[in-house]
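Next comes entry-v2.txt, a file with compact mmCIF, C-alpha atoms.
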# COMPACT_ATOMS: atom_id res chain seq x y z
CA MET A 1 126.98 144.90 140.97
CA ILE A 2 124.44 147.73 140.80
CA GLY A 3 124.21 150.52 138.21
CA LYS A 4 124.43 154.28 138.75
CA TRP A 5 121.44 156.63 139.19
CA GLN A 6 121.71 160.05 137.50
CA PRO A 7 119.31 162.78 138.74
CA GLN A 8 117.67 164.72 135.90
CA LYS A 9 116.42 168.33 135.68
CA PHE A 10 113.02 167.46 137.18
CA THR A 11 113.00 166.62 140.89
CA GLY A 12 112.57 162.89 141.37
CA VAL A 13 113.36 161.89 137.78
CA TYR A 14 116.37 159.60 137.43
CA LEU A 15 118.20 157.85 134.64
CA LEU A 16 119.85 154.57 135.52
CA ASP A 17 122.82 153.02 133.78
CA PRO A 18 122.06 149.46 134.87
CA PHE A 19 124.45 146.61 135.42
CA HIS A 20 125.05 144.70 132.20
CA ALA A 21 127.40 141.98 131.10
CA GLY A 22 128.18 140.54 127.72
CA ASP A 23 129.94 137.51 126.36
CA PRO A 24 129.91 135.54 123.09
CA ARG A 25 126.32 134.43 123.82
CA GLY A 26 124.95 138.00 124.01
CA GLU A 27 124.04 140.29 126.91
CA PHE A 28 122.50 140.30 130.36
CA VAL A 29 120.95 143.53 131.72
CA LYS A 30 119.54 144.04 135.23
CA THR A 31 116.72 146.60 134.74
CA PHE A 32 115.28 146.53 138.26
CA HIS A 33 116.59 145.85 141.74
CA ILE A 34 114.64 146.95 144.82
CA GLY A 35 117.90 147.74 146.62
CA GLN A 36 118.83 150.23 143.87
CA VAL A 37 115.51 151.99 144.38
CA ALA A 38 115.91 152.14 148.16
CA ASP A 39 119.52 153.38 147.87
CA VAL A 40 118.33 156.67 146.35
CA GLY A 41 115.46 157.02 148.82
CA LEU A 42 112.68 155.92 146.49
CA GLN A 43 109.86 153.49 147.18
CA PHE A 44 108.34 151.25 144.54
CA GLU A 45 106.05 148.27 144.76
CA LEU A 46 105.66 146.70 141.32
CA ARG A 47 101.95 146.35 140.55
CA GLU A 48 101.85 146.07 136.77
CA GLU A 49 104.18 145.69 133.80
CA PHE A 50 103.46 146.03 130.10
CA TYR A 51 105.13 146.97 126.83
CA SER A 52 104.32 148.70 123.56
CA VAL A 53 105.68 148.02 120.08
CA SER A 54 105.68 150.99 117.71
CA HIS A 55 106.48 151.79 114.10
CA ALA A 56 108.88 154.64 113.29
CA ASN A 57 107.41 158.12 113.90
CA VAL A 58 104.69 156.94 116.27
CA ILE A 59 104.09 159.42 119.08
CA ARG A 60 102.53 158.02 122.24
CA GLY A 61 101.67 160.53 124.93
CA MET A 62 101.54 162.59 126.95
CA HIS A 63 100.10 160.09 129.46
CA PHE A 64 99.67 159.81 133.25
CA GLN A 65 97.15 158.74 135.87
CA VAL A 66 95.61 161.20 138.33
CA PRO A 67 94.92 160.56 142.03
CA PRO A 68 93.80 158.36 143.61
CA HIS A 69 95.42 156.05 141.03
CA ALA A 70 98.49 158.15 140.18
CA HIS A 71 101.56 156.04 139.58
CA GLN A 72 105.30 156.10 139.26
CA LYS A 73 106.79 154.50 136.15
CA ILE A 74 110.01 152.77 135.28
CA VAL A 75 110.56 152.87 131.50
CA TYR A 76 113.18 151.36 129.21
CA CYS A 77 113.62 150.31 125.61
CA ILE A 78 114.38 146.69 124.74
CA GLY A 79 114.19 147.10 120.97
CA GLY A 80 114.86 150.11 118.78
CA SER A 81 115.02 153.64 120.14
CA ILE A 82 112.85 156.55 121.25
CA VAL A 83 112.94 160.22 122.09
CA ASP A 84 111.38 160.13 125.54
CA VAL A 85 109.60 163.31 126.64
CA LEU A 86 108.48 164.37 130.11
CA VAL A 87 106.35 167.33 131.22
CA ASP A 88 106.29 168.39 134.87
CA LEU A 89 102.67 168.80 136.04
CA ARG A 90 103.54 169.43 139.71
CA LYS A 91 102.36 172.97 140.51
CA ASN A 92 104.84 173.50 143.38
CA GLU A 93 107.92 172.62 141.33
CA PRO A 94 110.05 175.34 139.67
CA THR A 95 109.92 173.22 136.49
CA TYR A 96 106.08 173.22 136.37
CA ARG A 97 104.88 172.92 132.75
CA GLU A 98 108.42 172.50 131.40
CA ALA A 99 109.33 169.68 129.02
CA ILE A 100 112.57 167.71 128.90
CA SER A 101 113.66 164.89 126.62
CA LEU A 102 116.28 162.21 126.33
CA GLU A 103 116.94 159.29 124.06
CA LEU A 104 116.40 155.75 125.26
CA SER A 105 117.50 152.77 123.19
CA ALA A 106 118.03 149.06 123.45
CA ALA A 107 121.71 149.62 122.68
CA GLY A 108 122.02 152.27 125.41
CA ARG A 109 120.28 150.07 128.02
CA GLN A 110 119.28 153.03 130.21
CA VAL A 111 116.28 152.91 132.54
CA LEU A 112 114.14 155.99 133.30
CA TRP A 113 112.44 156.56 136.67
CA ILE A 114 109.34 158.80 136.40
CA PRO A 115 107.64 159.99 139.61
CA ILE A 116 103.99 160.87 140.15
CA GLY A 117 102.96 164.17 138.55
CA ILE A 118 105.00 163.82 135.37
CA ALA A 119 103.34 163.38 131.96
CA HIS A 120 105.19 160.86 129.79
CA GLY A 121 105.36 160.30 126.06
CA PHE A 122 107.75 159.31 123.31
CA ARG A 123 108.39 159.25 119.59
CA SER A 124 109.64 156.00 118.15
CA LEU A 125 112.75 156.50 116.04
CA GLU A 126 112.58 153.17 114.21
CA ASP A 127 110.20 150.34 113.35
CA ASN A 128 109.56 147.61 115.92
CA THR A 129 110.63 149.75 118.84
CA CYS A 130 109.64 148.03 122.09
CA VAL A 131 109.22 150.05 125.30
CA VAL A 132 108.68 148.36 128.68
CA TYR A 133 106.78 150.08 131.51
CA LYS A 134 106.70 149.06 135.16
CA THR A 135 104.18 150.86 137.39
CA ASP A 136 103.40 150.91 141.09
CA HIS A 137 99.64 151.16 140.52
CA GLU A 138 97.34 149.21 138.24
CA TYR A 139 95.79 150.77 135.16
CA ALA A 140 92.63 152.63 136.19
CA PRO A 141 90.61 153.85 133.18
CA GLU A 142 88.78 156.46 135.25
CA SER A 143 92.11 158.04 136.26
CA ASP A 144 94.01 157.56 133.01
CA THR A 145 94.42 160.76 131.02
CA GLY A 146 96.92 162.96 129.22
CA ILE A 147 97.69 166.25 127.57
CA ARG A 148 98.16 166.92 123.86
CA TRP A 149 101.64 166.10 122.67
CA ASP A 150 101.71 169.16 120.41
CA SER A 151 100.86 171.68 123.17
CA ILE A 152 103.98 171.34 125.32
CA GLY A 153 106.40 173.53 123.37
CA PHE A 154 108.55 170.59 122.29
CA ASP A 155 109.84 169.94 118.77
CA TRP A 156 109.16 166.25 118.19
CA GLY A 157 111.34 166.24 115.07
CA SER A 158 108.65 164.76 112.83
CA GLU A 159 106.08 166.46 110.62
CA GLU A 160 104.45 163.13 109.75
CA ALA A 161 103.93 161.60 113.18
CA ILE A 162 101.43 158.80 113.71
CA VAL A 163 99.22 159.74 116.68
CA SER A 164 96.13 157.98 118.05
CA ASP A 165 92.71 159.65 118.03
CA ARG A 166 92.71 159.36 121.82
CA ASP A 167 95.97 161.31 122.14
CA ARG A 168 94.69 163.95 119.69
CA ALA A 169 91.59 164.48 121.89
CA PHE A 170 93.43 165.36 125.12
CA ALA A 171 93.33 168.91 126.51
CA THR A 172 96.28 171.18 125.80
CA LEU A 173 98.84 171.88 128.50
CA LYS A 174 97.49 175.42 128.84
CA GLU A 175 93.90 174.11 129.29
CA TYR A 176 94.82 171.34 131.72
CA ASN A 177 94.23 172.02 135.43
CA SER A 178 96.75 169.79 137.16
CA PRO A 179 95.80 167.99 140.39
CA PHE A 180 99.48 167.51 141.25
Re-express the file's structure as structure tokens.
Amino acid sequence: MIGKWQPQKFTGVYLLDPFHAGDPRGEFVKTFHIGQVADVGLQFELREEFYSVSHANVIRGMHFQVPPHAHQKIVYCIGGSIVDVLVDLRKNEPTYREAISLELSAAGRQVLWIPIGIAHGFRSLEDNTCVVYKTDHEYAPESDTGIRWDSIGFDWGSEEAIVSDRDRAFATLKEYNSPF
């Protein structure tokens, strides 16, 4: 059995309620199936997978890779919960420079599909929150960048966020000249 894809406000962004089953032993969740991707007309060749573990109130973002190493991401939470935030950097989209958010959690089991041209970040809502990322292009330091999390017009819900020096040094959304 395959889960259901839900289109989001931004073109090409989807939320998946994946197949899951539970019994007295625990749960089984299918987070990726190439047939699911093809069924909604998407293409994805898994090139890299990694995860982050964050304390409560950590903000990571807003990250993306620019061409020629731009990538799509598949993101989900396997421990804890996050407020996941996306900013559309695609100049030809009606949602250009808009931000949207949704909550992802281990308990909710949802999977987020993020296309090229979308900046991604999140705020961890609890300690030991683990977020998994699948990408269709390897990490390329020369193409890896971001925009400041506090320049996107989004209320992160935390006055005492923990943010890396790297994320603090990014250009603001207004300053950023998008290649997308």
Report as a Markdown table: every residue of stretch 133-170 of chain A with an atom at most 10 Å from stretch 65-70 of chain A, its closest pair of atoms, and their distance in Å to one decimal, counting all atoms listed in the file, with rows sorted by chain and ascending residue number.
| residue | atom | partner | partner_atom | distance |
| --- | --- | --- | --- | --- |
| A:Thr135 | CA | A:Ala70 | CA | 9.7 |
| A:Asp136 | CA | A:Ala70 | CA | 8.8 |
| A:His137 | CA | A:His69 | CA | 6.5 |
| A:Glu138 | CA | A:His69 | CA | 7.6 |
| A:Tyr139 | CA | A:His69 | CA | 7.9 |
| A:Ala140 | CA | A:His69 | CA | 6.6 |
| A:Pro141 | CA | A:Gln65 | CA | 8.6 |
| A:Glu142 | CA | A:Gln65 | CA | 8.7 |
| A:Ser143 | CA | A:Gln65 | CA | 5.1 |
| A:Asp144 | CA | A:Gln65 | CA | 4.4 |
| A:Thr145 | CA | A:Gln65 | CA | 5.9 |
| A:Gly146 | CA | A:Gln65 | CA | 7.9 |
Near-stretch 32-48 of chain A list (12 Å; all atoms listed in the file; drop same-chain fewer than 5 positions) as an mmCIF file with C-alpha atoms, in the frame of the given file:
data_model
loop_
_atom_site.group_PDB
_atom_site.id
_atom_site.type_symbol
_atom_site.label_atom_id
_atom_site.label_comp_id
_atom_site.auth_asym_id
_atom_site.auth_seq_id
_atom_site.Cartn_x
_atom_site.Cartn_y
_atom_site.Cartn_z
ATOM 1 C CA MET A 1 126.980 144.900 140.970
ATOM 2 C CA ILE A 2 124.440 147.730 140.800
ATOM 3 C CA GLY A 3 124.210 150.520 138.210
ATOM 4 C CA LYS A 4 124.430 154.280 138.750
ATOM 5 C CA TRP A 5 121.440 156.630 139.190
ATOM 6 C CA GLN A 6 121.710 160.050 137.500
ATOM 7 C CA PRO A 7 119.310 162.780 138.740
ATOM 8 C CA GLY A 12 112.570 162.890 141.370
ATOM 9 C CA VAL A 13 113.360 161.890 137.780
ATOM 10 C CA TYR A 14 116.370 159.600 137.430
ATOM 11 C CA LEU A 15 118.200 157.850 134.640
ATOM 12 C CA LEU A 16 119.850 154.570 135.520
ATOM 13 C CA ASP A 17 122.820 153.020 133.780
ATOM 14 C CA PRO A 18 122.060 149.460 134.870
ATOM 15 C CA PHE A 19 124.450 146.610 135.420
ATOM 16 C CA HIS A 20 125.050 144.700 132.200
ATOM 17 C CA HIS A 69 95.420 156.050 141.030
ATOM 18 C CA HIS A 71 101.560 156.040 139.580
ATOM 19 C CA GLN A 72 105.300 156.100 139.260
ATOM 20 C CA LYS A 73 106.790 154.500 136.150
ATOM 21 C CA ILE A 74 110.010 152.770 135.280
ATOM 22 C CA VAL A 75 110.560 152.870 131.500
ATOM 23 C CA TYR A 76 113.180 151.360 129.210
ATOM 24 C CA ARG A 109 120.280 150.070 128.020
ATOM 25 C CA GLN A 110 119.280 153.030 130.210
ATOM 26 C CA VAL A 111 116.280 152.910 132.540
ATOM 27 C CA LEU A 112 114.140 155.990 133.300
ATOM 28 C CA TRP A 113 112.440 156.560 136.670
ATOM 29 C CA ILE A 114 109.340 158.800 136.400
ATOM 30 C CA PRO A 115 107.640 159.990 139.610
ATOM 31 C CA ILE A 116 103.990 160.870 140.150
ATOM 32 C CA VAL A 132 108.680 148.360 128.680
ATOM 33 C CA TYR A 133 106.780 150.080 131.510
ATOM 34 C CA LYS A 134 106.700 149.060 135.160
ATOM 35 C CA THR A 135 104.180 150.860 137.390
ATOM 36 C CA ASP A 136 103.400 150.910 141.090
ATOM 37 C CA HIS A 137 99.640 151.160 140.520
ATOM 38 C CA GLU A 138 97.340 149.210 138.240
ATOM 39 C CA TYR A 139 95.790 150.770 135.160
ATOM 40 C CA ALA A 140 92.630 152.630 136.190
#
Using only C-alpha atoms, the shortest atom-to-atom distance to A:Lys91 among A:Glu175, A:Gly117, A:Trp156, A:Gly22 belongs to A:Gly117
Check your understanding: Could you state the separation of atom CA of A:Asp88 and atom CA of A:Ile100 in Å, given to one decimal place?
Key ->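 If I compute the distance from atom CA of A:Asp88 to atom CA of A:Ile100, I get 8.7 Å.
Computed from the coordinates, the atom CA of A:Asp155 to atom CA of A:Pro94 distance equals 21.6 Å.
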- Determine, counting all atoms listed in the file, which protein, DNA and RNA residues have an atom within 6 Å of an atom of A:Leu89; residues of the same chain fewer than 3 positions away are not included. Present the result as a PyMOL selection string. chain A and resi 96-97+117-118
In Å, how far is it from atom CA of A:His63 to atom CA of A:Ala106?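 Computed distance, atom CA of A:His63 to atom CA of A:Ala106, equals 21.9 Å.
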Judged by all atoms listed in the file, the minimum distance to A:Thr172 among A:Ala99, A:Ala107, A:Cys130, A:Met62 is found for A:Met62
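Among the candidates A:Ser164, A:Ser124, A:Thr11, A:Asn177, the residue lying nearest to A:Gly80 is A:Ser124 (atoms considered: only C-alpha atoms).
With distances restricted to all atoms listed in the file, A:Asn57 is the closest residue to A:Ser158 from A:Asn57, A:Ser105, A:Asn92, A:Thr129.
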(Q) Which residues are near A:Ile147? Cut-off 8 Å, only C-alpha atoms, ignore same chain within fewer than 4 positions. Put them as number ranges by chain. (A) A: 61-63, 119, 151, 167, 170-173, 176
Output requested as a short mmCIF file (atom, residue, chain, number, x, y, z; two decimals), in the frame of the given file - stretch 143-166 of chain A, filled out with N, CA, C and O atoms.
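File produced: part-v3.cif:
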data_model
loop_
_atom_site.label_atom_id
_atom_site.label_comp_id
_atom_site.auth_asym_id
_atom_site.auth_seq_id
_atom_site.Cartn_x
_atom_site.Cartn_y
_atom_site.Cartn_z
N SER A 143 91.05 157.11 135.87
CA SER A 143 92.11 158.04 136.26
C SER A 143 93.15 158.25 135.16
O SER A 143 94.05 159.07 135.31
N ASP A 144 93.04 157.49 134.10
CA ASP A 144 94.01 157.56 133.01
C ASP A 144 93.68 158.73 132.09
O ASP A 144 92.55 158.86 131.63
N THR A 145 94.66 159.58 131.84
CA THR A 145 94.42 160.76 131.02
C THR A 145 95.73 161.21 130.39
O THR A 145 96.74 160.50 130.42
N GLY A 146 95.72 162.42 129.83
CA GLY A 146 96.92 162.96 129.22
C GLY A 146 96.71 164.38 128.78
O GLY A 146 95.64 164.97 128.98
N ILE A 147 97.75 164.94 128.19
CA ILE A 147 97.69 166.25 127.57
C ILE A 147 98.19 166.11 126.14
O ILE A 147 98.95 165.18 125.82
N ARG A 148 97.77 167.00 125.28
CA ARG A 148 98.16 166.92 123.86
C ARG A 148 99.67 167.04 123.71
O ARG A 148 100.28 167.97 124.24
N TRP A 149 100.21 166.14 122.93
CA TRP A 149 101.64 166.10 122.67
C TRP A 149 102.14 167.37 121.99
O TRP A 149 103.28 167.78 122.17
N ASP A 150 101.29 168.01 121.20
CA ASP A 150 101.71 169.16 120.41
C ASP A 150 101.46 170.50 121.11
O ASP A 150 101.60 171.56 120.50
N SER A 151 101.14 170.45 122.42
CA SER A 151 100.86 171.68 123.17
C SER A 151 101.92 171.99 124.22
O SER A 151 101.74 172.91 125.01
N ILE A 152 103.01 171.23 124.22
CA ILE A 152 103.98 171.34 125.32
C ILE A 152 105.22 172.16 124.97
O ILE A 152 106.16 172.23 125.76
N GLY A 153 105.25 172.73 123.77
CA GLY A 153 106.40 173.53 123.37
C GLY A 153 107.64 172.71 123.05
O GLY A 153 108.76 173.20 123.19
N PHE A 154 107.43 171.48 122.60
CA PHE A 154 108.55 170.59 122.29
C PHE A 154 108.54 170.26 120.80
O PHE A 154 107.49 169.97 120.24
N ASP A 155 109.71 170.31 120.17
CA ASP A 155 109.84 169.94 118.77
C ASP A 155 110.09 168.44 118.69
O ASP A 155 111.17 167.97 119.03
N TRP A 156 109.08 167.72 118.26
CA TRP A 156 109.16 166.25 118.19
C TRP A 156 110.04 165.76 117.05
O TRP A 156 110.33 164.57 116.96
N GLY A 157 110.43 166.64 116.14
CA GLY A 157 111.34 166.24 115.07
C GLY A 157 110.68 165.44 113.96
O GLY A 157 111.36 164.77 113.20
N SER A 158 109.35 165.51 113.87
CA SER A 158 108.65 164.76 112.83
C SER A 158 107.39 165.50 112.42
O SER A 158 106.54 165.78 113.26
N GLU A 159 107.28 165.81 111.16
CA GLU A 159 106.08 166.46 110.62
C GLU A 159 105.00 165.43 110.30
O GLU A 159 103.84 165.78 110.13
N GLU A 160 105.38 164.18 110.17
CA GLU A 160 104.45 163.13 109.75
C GLU A 160 104.26 162.07 110.84
O GLU A 160 104.25 160.87 110.57
N ALA A 161 104.08 162.51 112.05
CA ALA A 161 103.93 161.60 113.18
C ALA A 161 102.61 160.84 113.09
O ALA A 161 101.60 161.36 112.60
N ILE A 162 102.63 159.63 113.60
CA ILE A 162 101.43 158.80 113.71
C ILE A 162 100.95 158.91 115.15
O ILE A 162 101.67 158.51 116.08
N VAL A 163 99.75 159.46 115.34
CA VAL A 163 99.22 159.74 116.68
C VAL A 163 97.81 159.18 116.76
O VAL A 163 97.01 159.34 115.83
N SER A 164 97.47 158.55 117.88
CA SER A 164 96.13 157.98 118.05
C SER A 164 95.07 159.07 118.17
O SER A 164 95.36 160.20 118.59
N ASP A 165 93.83 158.73 117.85
CA ASP A 165 92.71 159.65 118.03
C ASP A 165 92.58 160.04 119.49
O ASP A 165 92.27 161.18 119.81
N ARG A 166 92.79 159.09 120.38
CA ARG A 166 92.71 159.36 121.82
C ARG A 166 93.70 160.45 122.22
O ARG A 166 93.36 161.39 122.93
#
